[in-house]
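*Asks:* Okay, here's the structure, questions in a sec.
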Amino acid sequence: MLEFRTQGFNGYAVKYSPFFDSRIAVASSANFGLVGNGRLYILGLTPKGIVADKWFDTQDSLYDLAWSEAHENQIVVATGDGSIKLFDIALDQFPVQSWQEHKREVFAVHWNLITKDTFCSSSWDGTIKVWSPQREESLVTLPTHSCTYSAAFSPHSPSLLSSVSSDSHLRLFDLRTPASVSNHLTLTIPLHAPAQGPSTLRFQQIPGALPPSEGLTHDWNKYRSHLVAAAGVDRHIRTFDIRAPSQGPISVFAGHEYAVRKVAWSPHLSDVLLSASYDMTCRVWTDGNGSKDQSGQVLPGGFGEELGRMDQHTEFVMGVDWCLFGAEGWCASCGWDERLLVWDVREFMGGERGNWLENRRRDEAVICKSNIGIPINILAEYMSDNLTPKDNWLQNLIGPRGKGNRVMITLVDEDDFGHRLLLTFPIRIPQQQSCGIGAIITDFVIPHGE
């Protein structure tokens with residue numbers, strides 16, 4: 001476990017860079033975010049530990065941040081004075097752009113992972129706004145009529161945007177629909193609703209229906225486009241199928257002793273979820289979607305189980321994020337104890353549970369995040385049967401396997417009509433190397449196994 005002290009500033013959010021595996025940003029606030037300045041830390045992971053490459057001070061507290069998906073040096077932050085600021089870490093001191101339309105604190109920002117040219121923000125003023133770095137005014141304003149703690153674009157569609165609010169509801173907006181009276185609102189799901197149908201039996205020991213309480217966080221599953229996890233003040237994490245909003249939660253995760261402040265689905269495994277809570281713990285869960293337990297039995301869909309917990313923080317844990325690169329399991333967390341921790345969830349699962357996660361890793365394909373887009377036809381020229389990789393970026397793609405092993409690599413792309421295109425190439429790992437999975441190629445799927 002690595003640690004960095006944000007002395008004098010309490011952490012609110014942490015995000016790994018989508019471009020570099022050694023760069024982390026932390027949004028923090030003085031005096032627990034109640035009054036005072038904010039500070040944006042840009043941290044580097046080095047052989048000597050975590051070092052502060054740069055930091056930017058702001059006049060008000062920082063509550064959230066999001067890395068640009070189009071520019072490796074740009075990052076947007078949400079502030080307590082209602083403004084949104086865009087920083088370029090290659091420059092010093094001042095933001096390169098600032099927007100001031102929200103009337104109250106901005107509590108969340110999220111970049112569009114598909115189009116990469118827009119981002120959204122949500123505020124205590126009861127609105128969500130969509131922005132472009134190239135525009136001085138917001139593109140769209142979506143009213144929620146309640147304090148909105150979390151808003152995010154779907155990682156599967158550039159037009160779908162979701163939020164959770166203090167009125168205990170999950171909302172889904174589709175920007176492709178006419179604004180009309182609904183303001184693009186297409187779906188509203190009560191977070192406190194009981195489970196309906198056969199799934200109710202799975203929750204007989206877990207209260208699926210509780211009094212309405214504030215929703216604080218939510219996240220889209222990276223593999224199942226219909227699945228959203230949400231949590232908040234009532235201490236429970238729930239997953240919802242947006243295709244069947246009336247059936248209530250599919251899974252309910254109970255275990256946290258205080259409000260859940262942040263949830264994040266794994267970018268590597270479709271059923272693994274990480275959470276951070278005011279009970280000073282981070283916990284890793286599985287929703288059991290077709291996965292197997294330690295005895296090899298297939299878990300029924302929707303069965304939630306805690307796999308492990310990390311309790312090294314000494315104050316509220318406010319933010320958590322998965323590393324997109326390398327071996328699955330590495331993540332970062334920050335909290336009001338003025339500490340950033342970088343750790344491996346497998347170390348806190350222990351024994352058979354840790355081995356079980358490692359076995360799950362071999363059973364499921366890993367989608368690698370892209371640094372640069374390389375067309376399929378060009379990539380094909382670099383691959384053929386029994387040939388070794390010709391470039392370092394290709395060597396980084398392969399993964400931690402034995403030297404000389406043969407690996408089948410499947411390239412995934414879409415044509416102009418959205419149809420999936422698959423090209424599979426066998427490739428042999430060089431005898432002199434055994435590399436970790438890198439994040440270089442666009443939309444790669446690497447099937448595990450020989």
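Note on naming: chains are A, B, ... as they come in the structure tokens, residues start from 1 per chain, ligands start from 1 in the order shown.
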Skip region 147-155 of chain A itself and residues of its chain fewer than 6 positions away, then list as a VMD selection string all residues within 10 Å of it, counting only C-alpha atoms.

*Replies:* chain A and resid 64 104 to 114 118 to 130 161 to 173 214 to 226 228 230 232 261 to 262

*Asks:* Suppose we keep C-alpha atoms; can you now write the selection as a PDB file, in the first residue's frame?

*Replies:*
```
ATOM      1  CA  ASP A  64     -15.156  16.441  -7.517  1.00  0.00           C
ATOM      2  CA  ARG A 104     -25.080  26.618  -5.457  1.00  0.00           C
ATOM      3  CA  GLU A 105     -22.268  24.142  -4.808  1.00  0.00           C
ATOM      4  CA  VAL A 106     -21.282  21.895  -7.714  1.00  0.00           C
ATOM      5  CA  PHE A 107     -20.917  18.401  -6.339  1.00  0.00           C
ATOM      6  CA  ALA A 108     -20.129  16.245  -9.380  1.00  0.00           C
ATOM      7  CA  VAL A 109     -18.509  16.453 -12.808  1.00  0.00           C
ATOM      8  CA  HIS A 110     -18.191  13.651 -15.342  1.00  0.00           C
ATOM      9  CA  TRP A 111     -16.642  13.513 -18.815  1.00  0.00           C
ATOM     10  CA  ASN A 112     -18.431  11.910 -21.760  1.00  0.00           C
ATOM     11  CA  LEU A 113     -16.490   8.713 -22.454  1.00  0.00           C
ATOM     12  CA  ILE A 114     -17.873   8.254 -25.975  1.00  0.00           C
ATOM     13  CA  THR A 118     -18.474  17.244 -23.549  1.00  0.00           C
ATOM     14  CA  PHE A 119     -18.868  16.836 -19.805  1.00  0.00           C
ATOM     15  CA  CYS A 120     -21.689  17.250 -17.308  1.00  0.00           C
ATOM     16  CA  SER A 121     -22.034  18.768 -13.864  1.00  0.00           C
ATOM     17  CA  SER A 122     -24.627  18.494 -11.102  1.00  0.00           C
ATOM     18  CA  SER A 123     -25.331  20.909  -8.296  1.00  0.00           C
ATOM     19  CA  TRP A 124     -27.217  21.482  -5.101  1.00  0.00           C
ATOM     20  CA  ASP A 125     -29.305  23.996  -7.054  1.00  0.00           C
ATOM     21  CA  GLY A 126     -31.291  21.096  -8.538  1.00  0.00           C
ATOM     22  CA  THR A 127     -29.883  21.173 -12.065  1.00  0.00           C
ATOM     23  CA  ILE A 128     -27.560  19.180 -14.311  1.00  0.00           C
ATOM     24  CA  LYS A 129     -25.685  21.012 -17.041  1.00  0.00           C
ATOM     25  CA  VAL A 130     -23.849  19.733 -20.108  1.00  0.00           C
ATOM     26  CA  LEU A 161     -27.091  10.778 -18.759  1.00  0.00           C
ATOM     27  CA  SER A 162     -28.100   9.678 -15.267  1.00  0.00           C
ATOM     28  CA  SER A 163     -28.261  11.203 -11.799  1.00  0.00           C
ATOM     29  CA  VAL A 164     -29.182  10.513  -8.187  1.00  0.00           C
ATOM     30  CA  SER A 165     -30.601  13.167  -5.899  1.00  0.00           C
ATOM     31  CA  SER A 166     -31.680  13.997  -2.399  1.00  0.00           C
ATOM     32  CA  ASP A 167     -35.256  12.938  -3.237  1.00  0.00           C
ATOM     33  CA  SER A 168     -34.117   9.281  -3.369  1.00  0.00           C
ATOM     34  CA  HIS A 169     -34.569   8.852  -7.120  1.00  0.00           C
ATOM     35  CA  LEU A 170     -32.398   7.701 -10.007  1.00  0.00           C
ATOM     36  CA  ARG A 171     -33.113   9.675 -13.169  1.00  0.00           C
ATOM     37  CA  LEU A 172     -32.237   8.879 -16.763  1.00  0.00           C
ATOM     38  CA  PHE A 173     -32.085  11.580 -19.437  1.00  0.00           C
ATOM     39  CA  GLU A 214     -30.714  10.913  -0.048  1.00  0.00           C
ATOM     40  CA  GLY A 215     -28.941   9.254  -2.954  1.00  0.00           C
ATOM     41  CA  LEU A 216     -25.278  10.238  -2.914  1.00  0.00           C
ATOM     42  CA  THR A 217     -23.570   8.227  -5.634  1.00  0.00           C
ATOM     43  CA  HIS A 218     -24.135   5.957  -8.612  1.00  0.00           C
ATOM     44  CA  ASP A 219     -22.155   4.337 -11.417  1.00  0.00           C
ATOM     45  CA  TRP A 220     -22.808   2.563 -14.721  1.00  0.00           C
ATOM     46  CA  ASN A 221     -21.599  -0.998 -15.188  1.00  0.00           C
ATOM     47  CA  LYS A 222     -18.822  -1.016 -17.771  1.00  0.00           C
ATOM     48  CA  TYR A 223     -19.928  -4.286 -19.403  1.00  0.00           C
ATOM     49  CA  ARG A 224     -23.714  -4.478 -18.943  1.00  0.00           C
ATOM     50  CA  SER A 225     -25.197  -1.368 -20.518  1.00  0.00           C
ATOM     51  CA  HIS A 226     -28.510  -1.716 -18.693  1.00  0.00           C
ATOM     52  CA  VAL A 228     -26.639   0.964 -12.729  1.00  0.00           C
ATOM     53  CA  ALA A 230     -26.687   3.502  -6.644  1.00  0.00           C
ATOM     54  CA  GLY A 232     -26.592   6.824  -0.302  1.00  0.00           C
ATOM     55  CA  ARG A 261     -20.286   8.041  -0.351  1.00  0.00           C
ATOM     56  CA  LYS A 262     -18.954   6.506  -3.567  1.00  0.00           C
TER      57      LYS A 262
END
```

*Asks:* Considering only C-alpha atoms, state which residue in the set A:Asn183, A:Ser213, A:Thr286, A:Ser159 is at the smallest distance from Gly308 (chain A).

*Replies:* A:Thr286

*Asks:* For Gly82 (chain A), which residue out of A:Thr144, A:Thr186, A:Ser138, A:Gln100 is the nearest one, using only C-alpha atoms?

*Replies:* A:Gln100

*Asks:* One number please: CA of His256 (chain A) to CA of Asp279 (chain A), in Å, one decimal.

*Replies:*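 Computing the Euclidean distance for CA of His256 (chain A) and CA of Asp279 (chain A) yields 6.7 Å.
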
*Asks:* Running DSSP on the backbone, which parts of region 68-207 of chain A land in strand (DSSP E), as a PyMOL selection string?

*Replies:* chain A and resi 74-79+83-88+97-100+106-111+119-123+127-131+140-143+148-153+160-165+169-174+185-190
